[in-house]
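Novice: What follows is upload-v3.txt, made up of compact mmCIF, C-alpha atoms:
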```txt
# COMPACT_ATOMS: atom_id res chain seq x y z
CA MET A 6 -1.24 3.50 2.03
CA SER A 7 -3.22 2.96 5.20
CA ASN A 8 -1.93 4.29 8.51
CA VAL A 9 -2.32 1.92 11.45
CA GLU A 10 -0.46 3.86 14.15
CA THR A 11 -1.95 6.52 16.45
CA ASP A 12 0.90 7.15 18.94
CA PRO A 13 4.04 8.40 17.14
CA ALA A 14 7.38 8.46 18.90
CA ALA A 15 9.88 11.26 19.56
CA LEU A 16 12.75 12.65 17.52
CA ARG A 17 16.50 12.54 18.09
CA CYS A 18 18.23 15.92 17.81
CA GLY A 19 21.16 15.93 15.41
CA THR A 20 22.95 18.76 17.19
CA ALA A 21 23.57 16.50 20.18
CA VAL A 22 25.38 13.83 18.15
CA ASP A 23 27.33 15.88 15.62
CA GLY A 24 30.41 17.80 16.69
CA ASP A 25 31.79 18.38 13.19
CA ARG A 26 29.23 20.73 11.70
CA PRO A 27 30.75 23.92 10.26
CA ALA A 28 29.83 27.06 12.18
CA THR A 29 28.01 28.48 9.16
CA ALA A 30 25.89 25.39 8.48
CA PRO A 31 22.22 25.43 9.48
CA PRO A 32 21.20 23.33 12.48
CA VAL A 33 19.91 19.90 11.51
CA ASP A 34 17.53 17.86 13.65
CA VAL A 35 17.66 14.12 13.01
CA LEU A 36 14.34 12.28 13.10
CA SER A 37 14.73 8.54 13.66
CA ALA A 38 12.31 6.10 12.08
CA ARG A 39 10.12 3.60 13.90
CA ASP A 40 8.95 0.28 12.49
CA VAL A 41 5.24 -0.12 11.80
CA PRO A 42 3.72 -3.36 10.40
CA LEU A 43 0.94 -2.92 7.86
CA GLY A 44 -1.54 -5.77 7.68
CA GLY A 45 -1.72 -9.38 8.88
CA PRO A 46 0.67 -12.36 8.83
CA ARG A 47 2.42 -11.16 5.64
CA ALA A 48 2.60 -7.61 6.94
CA LEU A 49 4.78 -5.14 5.11
CA LEU A 50 7.07 -3.48 7.64
CA VAL A 51 7.50 0.24 7.03
CA ARG A 52 9.85 2.77 8.62
CA ARG A 53 7.86 5.85 9.66
CA THR A 54 9.61 9.21 10.14
CA LEU A 55 6.58 11.53 10.09
CA PRO A 56 4.69 12.34 12.20
CA GLN A 57 6.80 12.52 15.36
CA ARG A 58 5.77 13.90 18.74
CA ALA A 59 8.11 16.85 18.30
CA ARG A 60 7.50 17.39 14.57
CA THR A 61 4.11 16.91 13.02
CA LEU A 62 4.83 18.43 9.61
CA ILE A 63 7.58 19.63 7.28
CA GLY A 64 5.81 22.23 5.18
CA ALA A 65 2.50 20.52 4.48
CA TRP A 66 4.18 17.09 4.43
CA CYS A 67 2.55 15.26 7.35
CA PHE A 68 3.35 11.57 6.84
CA ALA A 69 6.35 9.65 5.51
CA ASP A 70 6.59 5.86 5.25
CA HIS A 71 9.73 4.26 3.82
CA TYR A 72 9.73 0.54 3.00
CA GLY A 73 11.94 -2.14 1.46
CA PRO A 74 13.81 -3.45 -0.25
CA VAL A 75 11.75 -6.57 0.55
CA ASP A 76 11.04 -9.82 -1.26
CA ALA A 77 7.58 -9.17 -2.67
CA GLY A 78 6.92 -12.89 -2.94
CA ALA A 79 7.17 -13.23 0.83
CA THR A 80 6.09 -9.73 1.91
CA GLY A 81 4.21 -7.83 -0.75
CA MET A 82 1.79 -4.94 -0.50
CA ASP A 83 -1.91 -5.77 -0.33
CA VAL A 84 -3.85 -2.86 1.15
CA PRO A 85 -7.63 -3.27 0.67
CA PRO A 86 -9.90 -0.33 -0.17
CA HIS A 87 -9.59 2.26 2.59
CA PRO A 88 -10.62 5.93 2.97
CA HIS A 89 -8.84 9.27 3.10
CA THR A 90 -9.94 12.82 3.96
CA GLY A 91 -8.17 16.19 4.06
CA LEU A 92 -4.97 15.14 2.30
CA GLN A 93 -3.07 14.24 -0.84
CA THR A 94 -1.12 10.97 -1.15
CA VAL A 95 2.18 10.78 -3.05
CA SER A 96 3.47 7.37 -4.17
CA TRP A 97 7.11 7.03 -5.28
CA LEU A 98 8.88 3.74 -5.95
CA PHE A 99 12.55 2.79 -6.22
CA SER A 100 11.75 -0.76 -7.42
CA GLY A 101 8.70 -2.93 -7.98
CA GLU A 102 5.24 -2.07 -9.22
CA ILE A 103 1.96 -1.32 -7.41
CA GLU A 104 -1.56 -1.44 -8.83
CA HIS A 105 -3.68 1.52 -7.72
CA ARG A 106 -7.48 1.65 -7.90
CA ASP A 107 -9.63 4.43 -6.48
CA SER A 108 -13.23 5.58 -6.21
CA LEU A 109 -12.62 8.24 -8.86
CA GLY A 110 -12.45 5.30 -11.29
CA THR A 111 -8.67 5.46 -11.67
CA HIS A 112 -6.81 2.23 -12.44
CA ALA A 113 -3.08 2.99 -12.62
CA LEU A 114 0.31 1.46 -11.99
CA VAL A 115 2.91 2.99 -9.70
CA ARG A 116 6.36 2.41 -11.23
CA PRO A 117 9.89 3.52 -10.27
CA GLY A 118 10.57 7.13 -11.18
CA GLU A 119 6.88 7.87 -11.83
CA MET A 120 4.81 9.84 -9.33
CA ASN A 121 1.15 9.23 -8.61
CA LEU A 122 -0.62 11.92 -6.58
CA MET A 123 -4.17 11.35 -5.32
CA THR A 124 -6.34 14.03 -3.74
CA GLY A 125 -8.76 12.90 -1.05
CA GLY A 126 -10.24 16.14 0.23
CA TYR A 127 -13.87 15.57 1.25
CA GLY A 128 -13.44 11.83 0.76
CA ILE A 129 -11.88 9.16 -1.47
CA ALA A 130 -11.13 5.45 -1.21
CA HIS A 131 -8.37 3.45 -2.86
CA SER A 132 -6.51 0.14 -2.82
CA GLU A 133 -2.82 -0.65 -3.34
CA VAL A 134 -1.54 -4.09 -4.37
CA SER A 135 1.95 -5.05 -5.57
CA THR A 136 1.76 -6.73 -8.99
CA PRO A 137 2.56 -10.44 -9.54
CA ASP A 138 5.67 -9.54 -11.57
CA THR A 139 7.14 -7.55 -8.67
CA THR A 140 10.11 -9.33 -7.10
CA VAL A 141 11.55 -6.54 -4.93
CA LEU A 142 9.34 -3.81 -3.43
CA HIS A 143 11.03 -0.60 -2.33
CA GLY A 144 9.81 2.99 -2.06
CA VAL A 145 8.14 5.73 -0.06
CA GLN A 146 4.55 6.73 0.63
CA LEU A 147 3.99 10.38 1.56
CA TRP A 148 0.99 12.46 2.63
CA VAL A 149 0.33 16.18 2.30
CA ALA A 150 -2.13 17.98 4.59
CA LEU A 151 -4.63 20.21 2.78
CA PRO A 152 -5.12 23.76 4.11
CA GLU A 153 -8.47 24.65 5.67
CA GLU A 154 -9.83 26.40 2.57
CA HIS A 155 -9.18 23.32 0.41
CA ARG A 156 -9.54 20.40 2.80
CA ASN A 157 -12.89 19.41 1.27
CA ALA A 158 -11.50 19.51 -2.28
CA ALA A 159 -12.89 17.17 -4.91
CA ARG A 160 -11.27 13.83 -5.69
CA ASP A 161 -8.41 14.00 -8.15
CA PHE A 162 -5.54 11.90 -9.51
CA GLN A 163 -2.36 13.11 -11.25
CA HIS A 164 0.54 11.20 -12.80
CA HIS A 165 3.95 12.66 -13.61
CA VAL A 166 7.25 11.26 -14.89
CA PRO A 167 10.00 13.78 -14.07
CA ARG A 168 12.96 14.09 -16.39
CA PRO A 169 16.26 13.43 -14.56
CA VAL A 170 18.58 16.40 -14.07
CA ARG A 171 22.37 15.99 -13.65
CA ALA A 172 24.25 18.27 -11.24
CA ASP A 173 27.66 17.85 -9.54
CA GLY A 174 27.74 14.08 -9.40
CA ALA A 175 24.03 13.69 -8.65
CA GLU A 176 20.87 12.75 -10.50
CA ILE A 177 17.77 14.67 -9.41
CA LYS A 178 14.13 13.82 -10.20
CA VAL A 179 11.76 16.60 -9.13
CA PHE A 180 8.25 15.22 -8.70
CA LEU A 181 6.78 18.28 -6.92
CA GLY A 182 7.82 21.93 -6.97
CA SER A 183 11.08 23.28 -8.35
CA LEU A 184 14.74 22.40 -7.80
CA ALA A 185 17.97 22.54 -9.84
CA GLY A 186 16.22 24.15 -12.80
CA SER A 187 13.50 21.49 -12.99
CA THR A 188 9.82 22.23 -12.25
CA SER A 189 6.99 19.74 -11.83
CA PRO A 190 3.62 20.60 -13.42
CA VAL A 191 1.68 18.72 -10.72
CA ARG A 192 -0.93 20.83 -8.89
CA THR A 193 -0.80 21.16 -5.11
CA PHE A 194 -2.73 23.33 -2.66
CA THR A 195 0.35 24.76 -0.89
CA PRO A 196 3.88 25.33 -2.25
CA LEU A 197 5.82 22.07 -1.96
CA LEU A 198 9.12 20.47 -2.90
CA GLY A 199 9.57 16.75 -3.48
CA ALA A 200 12.61 15.24 -5.23
CA GLU A 201 14.67 12.06 -5.39
CA ILE A 202 18.41 12.76 -5.27
CA VAL A 203 20.94 10.01 -6.04
CA LEU A 204 24.55 10.96 -5.36
CA GLU A 205 27.53 9.21 -6.91
CA PRO A 206 30.20 7.80 -4.54
CA HIS A 207 31.94 10.59 -2.61
CA ALA A 208 29.95 13.31 -4.41
CA THR A 209 29.04 16.60 -2.72
CA LEU A 210 26.08 18.61 -3.94
CA THR A 211 25.19 22.18 -2.96
CA LEU A 212 21.54 22.96 -3.67
CA ALA A 213 19.98 26.41 -3.92
CA VAL A 214 16.65 26.19 -2.07
CA ASP A 215 13.83 28.54 -1.11
CA ALA A 216 14.70 30.23 2.19
CA ASP A 217 10.98 30.47 3.01
CA PHE A 218 10.79 26.66 3.05
CA GLU A 219 11.68 24.23 5.79
CA HIS A 220 13.25 21.03 4.47
CA GLY A 221 13.63 17.38 5.33
CA LEU A 222 16.09 14.93 3.74
CA LEU A 223 15.15 11.25 4.06
CA VAL A 224 18.04 8.84 3.50
CA ASP A 225 17.26 5.60 1.71
CA SER A 226 20.83 4.34 1.29
CA GLY A 227 24.40 5.49 1.78
CA ASP A 228 26.45 7.42 4.35
CA VAL A 229 25.11 10.93 3.94
CA ARG A 230 25.83 14.28 5.54
CA LEU A 231 23.32 17.11 5.39
CA SER A 232 25.00 20.47 6.05
CA GLY A 233 27.65 18.64 8.07
CA THR A 234 25.32 16.40 10.08
CA PRO A 235 25.58 12.62 9.49
CA LEU A 236 22.39 10.79 8.56
CA ARG A 237 21.99 7.04 8.59
CA PRO A 238 19.65 5.14 6.27
CA ALA A 239 15.97 5.61 7.28
CA GLU A 240 16.74 8.83 9.17
CA LEU A 241 15.38 12.22 8.15
CA GLY A 242 17.34 15.43 8.63
CA TYR A 243 15.22 18.53 9.28
CA VAL A 244 16.33 22.10 8.53
CA SER A 245 14.11 25.04 9.48
CA CYS A 246 13.35 27.93 7.11
CA GLY A 247 15.84 30.77 6.67
CA THR A 248 18.39 28.69 4.74
CA ASP A 249 18.95 29.25 1.00
CA THR A 250 21.51 26.46 0.41
CA LEU A 251 21.74 22.83 1.49
CA ALA A 252 24.94 20.79 1.23
CA VAL A 253 24.41 17.06 0.70
CA ALA A 254 27.46 14.78 0.70
CA ASN A 255 27.81 11.05 0.04
CA GLU A 256 30.72 9.74 2.11
CA SER A 257 30.41 6.14 0.92
CA GLY A 258 31.93 4.25 -2.00
CA ALA A 259 28.49 3.38 -3.40
CA PRO A 260 25.63 5.56 -4.66
CA ALA A 261 23.47 7.20 -2.00
CA ARG A 262 19.75 7.73 -2.52
CA THR A 263 17.72 10.39 -0.69
CA ILE A 264 14.31 12.07 -0.84
CA LEU A 265 14.19 15.85 -0.28
CA LEU A 266 10.92 17.34 0.99
CA GLY A 267 10.12 20.99 1.61
CA GLY A 268 7.51 23.69 1.94
CA PRO A 269 6.68 26.85 3.87
CA PRO A 270 5.70 26.15 7.50
CA PHE A 271 2.13 24.88 7.71
CA GLU A 272 0.63 27.17 10.33
CA GLU A 273 -2.62 25.29 10.93
CA GLU A 274 -3.08 22.64 13.60
CA ILE A 275 -4.46 19.34 12.36
CA VAL A 276 -6.05 16.23 13.79
CA MET A 277 -4.67 13.12 12.10
CA TRP A 278 -6.04 9.71 13.02
CA TRP A 279 -5.92 6.53 10.94
CA ASN A 280 -6.37 7.77 7.35
CA PHE A 281 -8.27 10.95 8.15
CA ILE A 282 -7.05 14.53 8.56
CA GLY A 283 -9.41 17.08 10.06
CA ARG A 284 -9.37 20.01 12.46
CA SER A 285 -11.31 18.51 15.37
CA HIS A 286 -12.19 15.25 17.08
CA ALA A 287 -15.70 15.65 15.67
CA ASP A 288 -14.30 15.69 12.10
CA ILE A 289 -12.64 12.32 12.72
CA VAL A 290 -15.72 10.79 14.34
CA ARG A 291 -17.89 11.88 11.41
CA ALA A 292 -15.46 10.56 8.80
CA ARG A 293 -15.19 7.20 10.58
CA GLU A 294 -18.96 6.89 10.86
CA ASP A 295 -19.37 7.71 7.16
CA TRP A 296 -16.80 5.07 6.17
CA GLN A 297 -18.28 2.37 8.40
CA ALA A 298 -21.76 3.12 7.06
CA GLY A 299 -20.64 2.81 3.43
CA SER A 300 -21.50 6.45 2.74
CA ASP A 301 -21.29 7.88 -0.78
CA ARG A 302 -18.77 10.32 0.69
CA PHE A 303 -15.95 7.90 -0.17
CA GLY A 304 -17.40 6.13 -3.19
CA ALA A 305 -16.57 2.56 -4.23
CA VAL A 306 -13.34 1.00 -5.48
CA GLU A 307 -14.14 -1.25 -8.42
CA GLY A 308 -11.98 -4.22 -9.38
CA HIS A 309 -10.39 -5.08 -6.04
CA PRO A 310 -11.26 -8.69 -5.13
CA GLY A 311 -11.25 -8.26 -1.35
CA ARG A 312 -13.38 -6.49 1.23
CA ARG A 313 -13.00 -2.91 2.39
CA LEU A 314 -10.66 -2.23 5.30
CA PRO A 315 -12.72 -1.57 8.45
CA ALA A 316 -11.84 1.44 10.59
CA PRO A 317 -10.21 0.71 13.95
CA ALA A 318 -11.94 1.68 17.17
CA LEU A 319 -11.54 5.28 18.25
CA PRO A 320 -9.36 5.93 21.32
CA ASN A 321 -11.06 6.49 24.66
CA ALA A 322 -10.05 10.13 24.66
CA VAL A 323 -10.61 13.28 22.66
CA ILE A 324 -8.09 13.56 19.83
CA THR A 325 -6.59 17.02 20.12
CA PRO A 326 -5.22 19.14 17.26
CA ARG A 327 -1.45 19.19 16.83
CA GLY A 328 0.98 21.51 15.13
CA ASN A 329 4.74 21.94 15.05
CA PRO A 330 6.81 23.26 17.95
CA ALA A 331 7.55 26.98 17.95
CA ARG A 332 10.18 27.89 15.38
CA ARG A 333 13.69 28.57 16.64
```
Could you take the file, read its structure, and then write that structure out as structure tokens?
Specialist:
Amino acid sequence: MSNVETDPAALRCGTAVDGDRPATAPPVDVLSARDVPLGGPRALLVRRTLPQRARTLIGAWCFADHYGPVDAGATGMDVPPHPHTGLQTVSWLFSGEIEHRDSLGTHALVRPGEMNLMTGGYGIAHSEVSTPDTTVLHGVQLWVALPEEHRNAARDFQHHVPRPVRADGAEIKVFLGSLAGSTSPVRTFTPLLGAEIVLEPHATLTLAVDADFEHGLLVDSGDVRLSGTPLRPAELGYVSCGTDTLAVANESGAPARTILLGGPPFEEEIVMWWNFIGRSHADIVRAREDWQAGSDRFGAVEGHPGRRLPAPALPNAVITPRGNPARR
């Protein structure tokens, strides 16, 4: 998915709004989403929770868009070929179907419960279009920052269908990393956790997690509490490292769906602008120039009927590297 925003907003701290958290529960910061339209008159509106001014990454997760459910006939996804550098993209759907084409030669479908991960290190281009049979489009698009030693990695594409795991009134699908006895075989360049968790009405789930990871829980639907802190749909609860259990509760009479992300703190500062991740303003300028010039760096996407997406103009200022705030 193509990023069109360059000025992310601030977070809301969960500790200021929650007076019922048990004394032993880890502090939870609540990151509120902001609406971002993608495209023209039939723009798909997404809810963006990463990056925020006060939190650039959770582990190596650096970007989280959450969209739908929307009527695909009125507002579908049609993102023309566009570039990426220095990252991996993770596509995960709750409903609908998206056709993916990339300059590696991949032609694949993104379907509910099936993860597609694309690596765009030195450079890749891809397109994303919801299929004609899609009636309701609903899902998340996530990005992972590549560490310095791998940020020019070769293009790659991986597909994985995780087997659901049942635990204490919840169904868990682990698409990256390990959780609840399930491990994904998908290759990443830093340790990561990514899982969909659907809780039955009024279910409470206690998860054993890696204490070296920081975690974020994105709520898609339901009235959810993370370690005692209430989260509304489209909010993301952040828990810093040092915690080896997370309690997730569904307080509603309907199923609640969430996405759990995690990883060890990403210690490097990054520059993220449009669809590029680098380490300096010069990295971004060079990547933009290469894309605009039709450089072989990104290759060509075959089979998409439209034109490539042009890069927006650079801001009239030097784009400075950003990292996370100092850990508490």
Novice: Env of Leu142 of chain A: 9 Å cut, atoms = all atoms listed in the file, seq-sep filter 5 positions within chain, self excluded. Answer as a ChimeraX atom specification.
Specialist: /A:72-77,80-82,98-103,135
Novice: Nearest to Thr195 of chain A among A:Val35, A:Leu50, A:Leu151, A:Leu122, with distances taken over all atoms listed in the file: which residue is it?
Specialist: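 Using all atoms listed in the file, Thr195 of chain A sits closest to A:Leu151.
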Novice: I'd like the contact shell of Gly78 of chain A - 9 Å cut-off, all atoms listed in the file, skipping same-chain residues fewer than 6 positions apart - returned as a list of chain:residue names.
Specialist: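 The residues that qualify are A:Pro137, A:Thr139, A:Thr140, A:Val141.
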Novice: Find the spatial neighbours of Gly128 of chain A, counting all atoms listed in the file, within a cut-off of 7 Å - ignore same-chain residues fewer than 3 positions away - and output them as an MDAnalysis selection string.
Specialist: chainID A and resid 88:90 125 302:303
Novice: Return as CSV the residues of segment 236-311 of chain A lying at most 12 Å from segment 169-193 of chain A, together with the closest atom-to-atom pair for each and the distance in Å to one decimal, counting all atoms listed in the file, with rows in chain order and ascending residue number.
Specialist:
```
residue,atom,partner,partner_atom,distance
A:Asp249,CA,A:Leu184,CA,11.9
A:Thr250,CA,A:Leu184,CA,11.4
A:Leu251,CA,A:Leu184,CA,11.6
A:Ala252,CA,A:Asp173,CA,11.5
A:Val253,CA,A:Ala175,CA,9.9
A:Ala254,CA,A:Ala175,CA,10.0
A:Asn255,CA,A:Ala175,CA,9.8
A:Pro260,CA,A:Ala175,CA,9.2
A:Ala261,CA,A:Ala175,CA,9.3
A:Arg262,CA,A:Glu176,CA,9.5
A:Thr263,CA,A:Ile177,CA,9.7
A:Ile264,CA,A:Lys178,CA,9.5
A:Leu265,CA,A:Val179,CA,9.2
A:Leu266,CA,A:Leu181,CA,9.0
A:Gly267,CA,A:Gly182,CA,8.9
A:Gly268,CA,A:Gly182,CA,9.1
A:Pro269,CA,A:Gly182,CA,12.0
```
